[in-house]
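Asks: Next comes the structure file final06.cif, holding mmCIF, C-alpha atoms.
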data_final
#
loop_
_atom_site.label_atom_id
_atom_site.label_comp_id
_atom_site.auth_asym_id
_atom_site.auth_seq_id
_atom_site.Cartn_x
_atom_site.Cartn_y
_atom_site.Cartn_z
CA MET K 3 -3.08 3.27 -17.36
CA ARG K 4 -4.75 3.40 -13.98
CA PHE K 5 -3.89 5.94 -11.30
CA VAL K 6 -5.03 6.61 -7.77
CA ALA K 7 -5.86 10.08 -6.48
CA PHE K 8 -5.46 10.55 -2.73
CA LEU K 9 -7.29 13.67 -1.51
CA ARG K 10 -6.21 15.22 1.76
CA ASN K 11 -8.73 15.83 4.59
CA VAL K 12 -11.73 14.56 2.66
CA ASN K 13 -14.68 12.66 4.02
CA LEU K 14 -17.20 12.35 1.19
CA GLY K 15 -20.40 14.27 1.79
CA GLN K 16 -19.09 16.30 4.74
CA PRO K 17 -18.75 20.12 4.66
CA LYS K 18 -16.09 21.31 2.19
CA SER K 19 -15.83 17.75 0.89
CA PRO K 20 -17.38 16.53 -2.34
CA SER K 21 -20.02 13.85 -2.61
CA ARG K 22 -19.02 10.63 -4.34
CA ALA K 23 -20.81 11.79 -7.50
CA GLN K 24 -19.07 15.19 -7.44
CA LEU K 25 -15.67 13.56 -7.00
CA GLU K 26 -16.13 11.08 -9.84
CA ASN K 27 -17.72 13.72 -12.09
CA ALA K 28 -14.86 16.19 -11.50
CA PHE K 29 -12.36 13.64 -12.83
CA GLN K 30 -14.64 12.76 -15.75
CA GLN K 31 -14.90 16.46 -16.64
CA ALA K 32 -11.09 16.58 -16.48
CA GLY K 33 -10.89 13.93 -19.20
CA THR K 34 -10.82 10.46 -17.69
CA ASP K 35 -13.09 7.82 -19.17
CA HIS K 36 -13.24 5.92 -15.86
CA ALA K 37 -13.38 7.28 -12.31
CA ALA K 38 -14.33 5.13 -9.31
CA SER K 39 -14.33 6.45 -5.78
CA PHE K 40 -13.05 3.97 -3.21
CA LEU K 41 -14.40 4.19 0.34
CA SER K 42 -15.35 7.62 1.71
CA ASN K 43 -11.86 8.92 2.52
CA GLY K 44 -11.11 10.71 -0.75
CA THR K 45 -9.45 7.87 -2.65
CA LEU K 46 -10.30 7.51 -6.34
CA VAL K 47 -9.08 5.19 -9.11
CA TYR K 48 -9.10 6.64 -12.62
CA THR K 49 -7.56 6.16 -16.04
CA ALA K 50 -5.16 8.41 -17.91
CA PRO K 51 -2.76 7.85 -20.83
CA GLY K 52 0.28 8.57 -18.63
CA ARG K 53 1.56 10.17 -15.42
CA ARG K 54 1.66 13.72 -16.79
CA ALA K 55 -1.94 13.47 -18.01
CA ALA K 56 -3.00 11.94 -14.68
CA GLU K 57 -1.43 14.84 -12.78
CA GLN K 58 -3.12 17.35 -15.06
CA MET K 59 -6.51 15.67 -14.63
CA ALA K 60 -6.11 15.80 -10.85
CA LYS K 61 -5.24 19.49 -11.05
CA GLN K 62 -8.35 20.21 -13.15
CA ALA K 63 -10.55 18.07 -10.91
CA ARG K 64 -9.30 19.98 -7.86
CA GLU K 65 -10.32 23.28 -9.46
CA THR K 66 -13.76 21.87 -10.27
CA LEU K 67 -14.18 20.65 -6.69
CA ARG K 68 -13.06 24.02 -5.33
CA ALA K 69 -15.80 25.71 -7.36
CA GLN K 70 -18.48 23.12 -6.51
CA CYS K 71 -17.95 22.50 -2.80
CA GLY K 72 -15.11 24.72 -1.59
CA MET K 73 -12.57 21.90 -1.32
CA SER K 74 -9.09 23.38 -1.23
CA GLU K 75 -7.04 20.36 -0.21
CA PRO K 76 -4.27 18.91 -2.39
CA ILE K 77 -4.60 15.73 -4.46
CA PHE K 78 -1.65 13.33 -4.62
CA VAL K 79 -1.44 10.97 -7.61
CA HIS K 80 0.26 7.57 -7.79
CA GLY K 81 0.17 4.80 -10.36
CA LEU K 82 -1.93 1.80 -9.38
CA ALA K 83 0.76 -0.49 -10.80
CA ASP K 84 3.40 1.25 -8.66
CA LEU K 85 1.32 0.62 -5.55
CA ALA K 86 0.87 -3.02 -6.58
CA ASP K 87 4.64 -3.38 -7.04
CA LEU K 88 5.20 -1.86 -3.60
CA ALA K 89 2.73 -4.28 -2.02
CA THR K 90 4.26 -7.27 -3.81
CA GLY K 91 7.58 -6.39 -2.17
CA ASP K 92 5.95 -6.78 1.28
CA PRO K 93 7.48 -3.59 2.71
CA PHE K 94 6.37 -4.36 6.28
CA ALA K 95 7.89 -7.87 6.42
CA ALA K 96 10.79 -6.87 8.68
CA PHE K 97 8.34 -5.63 11.33
CA ARG K 98 6.13 -8.71 11.74
CA ARG K 99 7.28 -9.47 15.27
CA THR K 100 7.30 -6.06 16.88
CA ASP K 101 5.02 -4.13 19.17
CA TYR K 102 3.86 -1.92 16.30
CA THR K 103 0.17 -2.63 15.75
CA GLU K 104 -0.78 -0.43 12.80
CA ARG K 105 0.70 0.04 9.31
CA ALA K 106 0.22 3.11 7.11
CA ILE K 107 1.22 4.76 3.87
CA SER K 108 1.35 8.54 3.51
CA PHE K 109 1.35 10.66 0.36
CA PHE K 110 2.81 14.10 -0.35
CA GLU K 111 4.35 16.12 -3.19
CA ARG K 112 7.19 14.16 -4.77
CA ARG K 113 9.65 17.06 -4.55
CA ALA K 114 8.92 17.68 -0.87
CA GLY K 115 10.21 14.26 0.17
CA ALA K 116 13.58 14.66 -1.51
CA LYS K 117 14.99 16.35 1.59
CA LEU K 118 13.86 13.68 4.08
CA ARG K 119 15.65 10.53 5.16
CA ALA K 120 14.19 7.66 7.12
CA PRO K 121 13.84 6.79 9.87
CA LEU K 122 11.72 9.50 11.47
CA GLU K 123 10.12 8.88 14.83
CA SER K 124 7.46 10.79 16.73
CA GLU K 125 8.43 12.41 20.02
CA ARG K 126 6.24 9.93 21.92
CA GLY K 127 7.79 6.96 20.11
CA ASP K 128 4.35 5.87 18.91
CA CYS K 129 5.04 6.34 15.18
CA LEU K 130 8.03 5.23 13.13
CA VAL K 131 8.38 6.36 9.51
CA PHE K 132 10.80 3.75 8.21
CA ARG K 133 10.77 4.31 4.45
CA ILE K 134 10.53 7.49 2.38
CA GLU K 135 10.40 7.55 -1.43
CA ALA K 136 9.17 9.83 -4.19
CA GLY K 137 5.92 11.16 -2.79
CA LEU K 138 5.22 8.46 -0.24
CA ALA K 139 6.29 7.16 3.15
CA LEU K 140 5.64 3.92 5.01
CA SER K 141 5.02 3.96 8.75
CA LEU K 142 4.31 1.82 11.76
CA MET K 143 2.31 2.92 14.76
CA ARG K 144 1.80 1.63 18.27
CA THR K 145 -0.39 2.59 21.18
CA ILE K 146 1.26 4.33 24.11
CA GLY K 147 -0.77 5.56 27.07
CA GLY K 148 -4.03 4.79 25.28
CA LYS K 149 -3.15 6.86 22.18
CA THR K 150 -2.08 5.38 18.85
CA GLY K 151 0.53 7.26 16.86
CA TYR K 152 -0.16 8.74 13.44
CA PRO K 153 2.35 9.64 10.70
CA THR K 154 0.64 12.69 9.16
CA PRO K 155 1.74 15.24 11.80
CA VAL K 156 5.24 13.72 11.99
CA LEU K 157 5.67 14.02 8.23
CA GLU K 158 4.00 17.43 7.88
CA LYS K 159 6.35 18.85 10.49
CA ALA K 160 9.43 17.34 8.81
CA LEU K 161 8.33 18.29 5.28
CA GLY K 162 6.70 21.62 5.98
CA ALA K 163 4.09 20.49 3.46
CA PRO K 164 0.65 18.79 3.42
CA VAL K 165 0.40 15.00 3.78
CA THR K 166 -2.46 12.51 3.62
CA THR K 167 -2.35 9.03 5.11
CA ARG K 168 -4.19 5.76 4.50
CA SER K 169 -3.96 2.54 6.47
CA TRP K 170 -2.01 -0.15 4.67
CA ARG K 171 -5.14 -2.31 4.84
CA THR K 172 -6.93 0.31 2.71
CA ILE K 173 -4.23 -0.09 0.05
CA GLU K 174 -4.55 -3.89 0.20
CA ARG K 175 -8.32 -3.61 -0.23
CA LEU K 176 -7.88 -1.11 -3.08
CA LEU K 177 -5.52 -3.50 -4.86
CA ASP K 178 -7.87 -6.44 -4.28
CA ARG K 179 -10.66 -4.51 -5.98
CA HIS K 180 -8.79 -2.61 -8.70
CA GLY K 181 -5.32 -4.18 -8.98
#
Write the structure described by the file as structure tokens, please.

Replies:
Amino acid sequence: MRFVAFLRNVNLGQPKSPSRAQLENAFQQAGTDHAASFLSNGTLVYTAPGRRAAEQMAKQARETLRAQCGMSEPIFVHGLADLADLATGDPFAAFRRTDYTERAISFFERRAGAKLRAPLESERGDCLVFRIEAGLALSLMRTIGGKTGYPTPVLEKALGAPVTTRSWRTIERLLDRHG
């Protein structure tokens, strides 16, 4: 099975972030037979026999990366097939004709999201989190006063836990390449 690791606050090659080779190698050392970094934002596709094994590999890879480059950020794991199913359902369809200009998906610990209910909206009204599920949330952003909203701080405040966000276009591109 294929899984996707979403690393928080990672820009490959920057301080306290791994290089592409370090990231892929850390997952290979953890037991995957295939690890492919996608873009430079800390997104990686890898194989594992099941969800539990995929989570364990991510945990081991995180420890390797901590030792190699000082990375201490969490890694959130989701099944590639689950993301493909989500995309097939066109979760943003109801918002086609709105003033929201950006779409995003955020990832966090599955247990952390159990206490949240959508919708959540930023104080400025520039970010709307309209769907929350096990370990992920879907959001829309708009520009107000020259600033575009962003779901990570909205969700981190509500969850009291770390979150990482990718544009929905990144997920579409990931699925085009690996799905």

Asks: Run the PyMOL selection byres ((chain K and resi 181) around 10) mentally over the shown coordinates, then write out the matched residues as number ranges by chain, using the chain letters and numbers from the document.

Replies: K: 4, 82-83, 85-86, 173-180

Asks: Which residues fall under the PyMOL selection byres ((chain K and resi 77) around 7) in this file, as a PyMOL selection string?

Replies: chain K and resi 7-10+60+75-76+78-79

Asks: May I have the selected residues written with C-alpha atoms, as a PDB file, in the coordinates of the input?

Replies:
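Wrote it out as selection18.pdb, contents follow:
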ATOM      1  CA  ALA K   7      -5.860  10.080  -6.480  1.00  0.00           C
ATOM      2  CA  PHE K   8      -5.460  10.550  -2.730  1.00  0.00           C
ATOM      3  CA  LEU K   9      -7.290  13.670  -1.510  1.00  0.00           C
ATOM      4  CA  ARG K  10      -6.210  15.220   1.760  1.00  0.00           C
ATOM      5  CA  ALA K  60      -6.110  15.800 -10.850  1.00  0.00           C
ATOM      6  CA  GLU K  75      -7.040  20.360  -0.210  1.00  0.00           C
ATOM      7  CA  PRO K  76      -4.270  18.910  -2.390  1.00  0.00           C
ATOM      8  CA  PHE K  78      -1.650  13.330  -4.620  1.00  0.00           C
ATOM      9  CA  VAL K  79      -1.440  10.970  -7.610  1.00  0.00           C
TER      10      VAL K  79
END

Asks: Would you pick out the contacts of Ala37 of chain K at 8 Å or less, using only C-alpha atoms, so that residues sharing its chain but fewer than 3 positions from it are not included, and give the list as a list in words?

Replies: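 Contacts, with the query itself left out: Glu26, Asn27, Phe29, Gln30, Thr34, Leu46, Val47, Tyr48 and Thr49 of chain K.
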
Asks: Which is closer to Thr100 of chain K than all the others in K:Leu130, K:Gln31, K:Tyr152, K:Ala136, using all atoms listed in the file?

Replies: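 For Thr100 of chain K, the nearest of the candidates is K:Leu130.
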
Asks: Excluding Ala120 of chain K and any residue of its chain fewer than 5 positions from it, enumerate the residues within 7 Å of it, using all atoms listed in the file, and give them as an NGL selection string.

Replies: :K and (131-134)

Asks: Give me the residues within 9 Å of Gly81 of chain K as a PDB file with C-alpha atoms, in the frame of the given file, counting all atoms listed in the file and dropping any in the same chain fewer than 6 places off.

Replies:
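So the final result, stored in out.pdb, reads:
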ATOM      1  CA  MET K   3      -3.080   3.270 -17.360  1.00  0.00           C
ATOM      2  CA  ARG K   4      -4.750   3.400 -13.980  1.00  0.00           C
ATOM      3  CA  PHE K   5      -3.890   5.940 -11.300  1.00  0.00           C
ATOM      4  CA  VAL K   6      -5.030   6.610  -7.770  1.00  0.00           C
ATOM      5  CA  ALA K   7      -5.860  10.080  -6.480  1.00  0.00           C
ATOM      6  CA  ARG K  53       1.560  10.170 -15.420  1.00  0.00           C
ATOM      7  CA  ALA K  56      -3.000  11.940 -14.680  1.00  0.00           C
TER       8      ALA K  56
END

Asks: Counting all atoms listed in the file, which of K:Met73, K:Ala95, K:Ser39, K:Thr167 gets nearest to Pro17 of chain K?

Replies: K:Met73

Asks: Complete segment 98-123 of chain K with N, CA and C atoms (output as a CSV table (one decimal), in the frame of the given file).

Replies:
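Result file out_17.csv:
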chain,number,residue,atom,x,y,z
K,98,ARG,N,7.2,-7.8,11.4
K,98,ARG,CA,6.1,-8.7,11.7
K,98,ARG,C,6.1,-9.0,13.2
K,99,ARG,N,7.2,-9.1,13.8
K,99,ARG,CA,7.3,-9.5,15.3
K,99,ARG,C,7.8,-8.3,16.1
K,100,THR,N,7.0,-7.2,16.1
K,100,THR,CA,7.3,-6.1,16.9
K,100,THR,C,6.1,-5.6,17.6
K,101,ASP,N,6.2,-4.6,18.4
K,101,ASP,CA,5.0,-4.1,19.2
K,101,ASP,C,4.3,-3.1,18.4
K,102,TYR,N,4.6,-2.8,17.1
K,102,TYR,CA,3.9,-1.9,16.3
K,102,TYR,C,2.6,-2.6,15.9
K,103,THR,N,1.5,-2.0,16.0
K,103,THR,CA,0.2,-2.6,15.8
K,103,THR,C,-0.5,-2.1,14.5
K,104,GLU,N,-0.1,-1.0,14.0
K,104,GLU,CA,-0.8,-0.4,12.8
K,104,GLU,C,0.3,-0.1,11.7
K,105,ARG,N,-0.2,-0.3,10.4
K,105,ARG,CA,0.7,0.0,9.3
K,105,ARG,C,0.0,1.1,8.5
K,106,ALA,N,0.8,2.0,7.9
K,106,ALA,CA,0.2,3.1,7.1
K,106,ALA,C,1.1,3.5,6.0
K,107,ILE,N,0.5,4.2,5.0
K,107,ILE,CA,1.2,4.8,3.9
K,107,ILE,C,0.7,6.2,3.8
K,108,SER,N,1.7,7.1,3.6
K,108,SER,CA,1.4,8.5,3.5
K,108,SER,C,1.8,9.1,2.2
K,109,PHE,N,1.1,10.1,1.7
K,109,PHE,CA,1.4,10.7,0.4
K,109,PHE,C,1.6,12.2,0.5
K,110,PHE,N,2.5,12.7,-0.4
K,110,PHE,CA,2.8,14.1,-0.4
K,110,PHE,C,3.4,14.4,-1.7
K,111,GLU,N,3.7,15.7,-1.9
K,111,GLU,CA,4.4,16.1,-3.2
K,111,GLU,C,5.7,15.4,-3.3
K,112,ARG,N,5.9,14.9,-4.5
K,112,ARG,CA,7.2,14.2,-4.8
K,112,ARG,C,8.4,15.0,-4.4
K,113,ARG,N,8.5,16.2,-4.8
K,113,ARG,CA,9.6,17.1,-4.6
K,113,ARG,C,9.9,17.3,-3.1
K,114,ALA,N,8.8,17.4,-2.3
K,114,ALA,CA,8.9,17.7,-0.9
K,114,ALA,C,9.7,16.6,-0.1
K,115,GLY,N,9.5,15.4,-0.5
K,115,GLY,CA,10.2,14.3,0.2
K,115,GLY,C,11.7,14.1,-0.1
K,116,ALA,N,12.2,14.8,-1.1
K,116,ALA,CA,13.6,14.7,-1.5
K,116,ALA,C,14.5,15.0,-0.4
K,117,LYS,N,14.1,15.9,0.5
K,117,LYS,CA,15.0,16.4,1.6
K,117,LYS,C,14.9,15.5,2.8
K,118,LEU,N,14.0,14.5,2.9
K,118,LEU,CA,13.9,13.7,4.1
K,118,LEU,C,14.6,12.3,4.0
K,119,ARG,N,15.0,11.9,5.1
K,119,ARG,CA,15.6,10.5,5.2
K,119,ARG,C,15.0,9.8,6.3
K,120,ALA,N,14.7,8.5,6.1
K,120,ALA,CA,14.2,7.7,7.1
K,120,ALA,C,15.4,7.1,7.9
K,121,PRO,N,15.1,6.8,9.2
K,121,PRO,CA,13.8,6.8,9.9
K,121,PRO,C,13.5,8.1,10.5
K,122,LEU,N,12.2,8.4,10.7
K,122,LEU,CA,11.7,9.5,11.5
K,122,LEU,C,10.9,8.9,12.6
K,123,GLU,N,10.9,9.4,13.8
K,123,GLU,CA,10.1,8.9,14.8
K,123,GLU,C,9.4,10.0,15.6
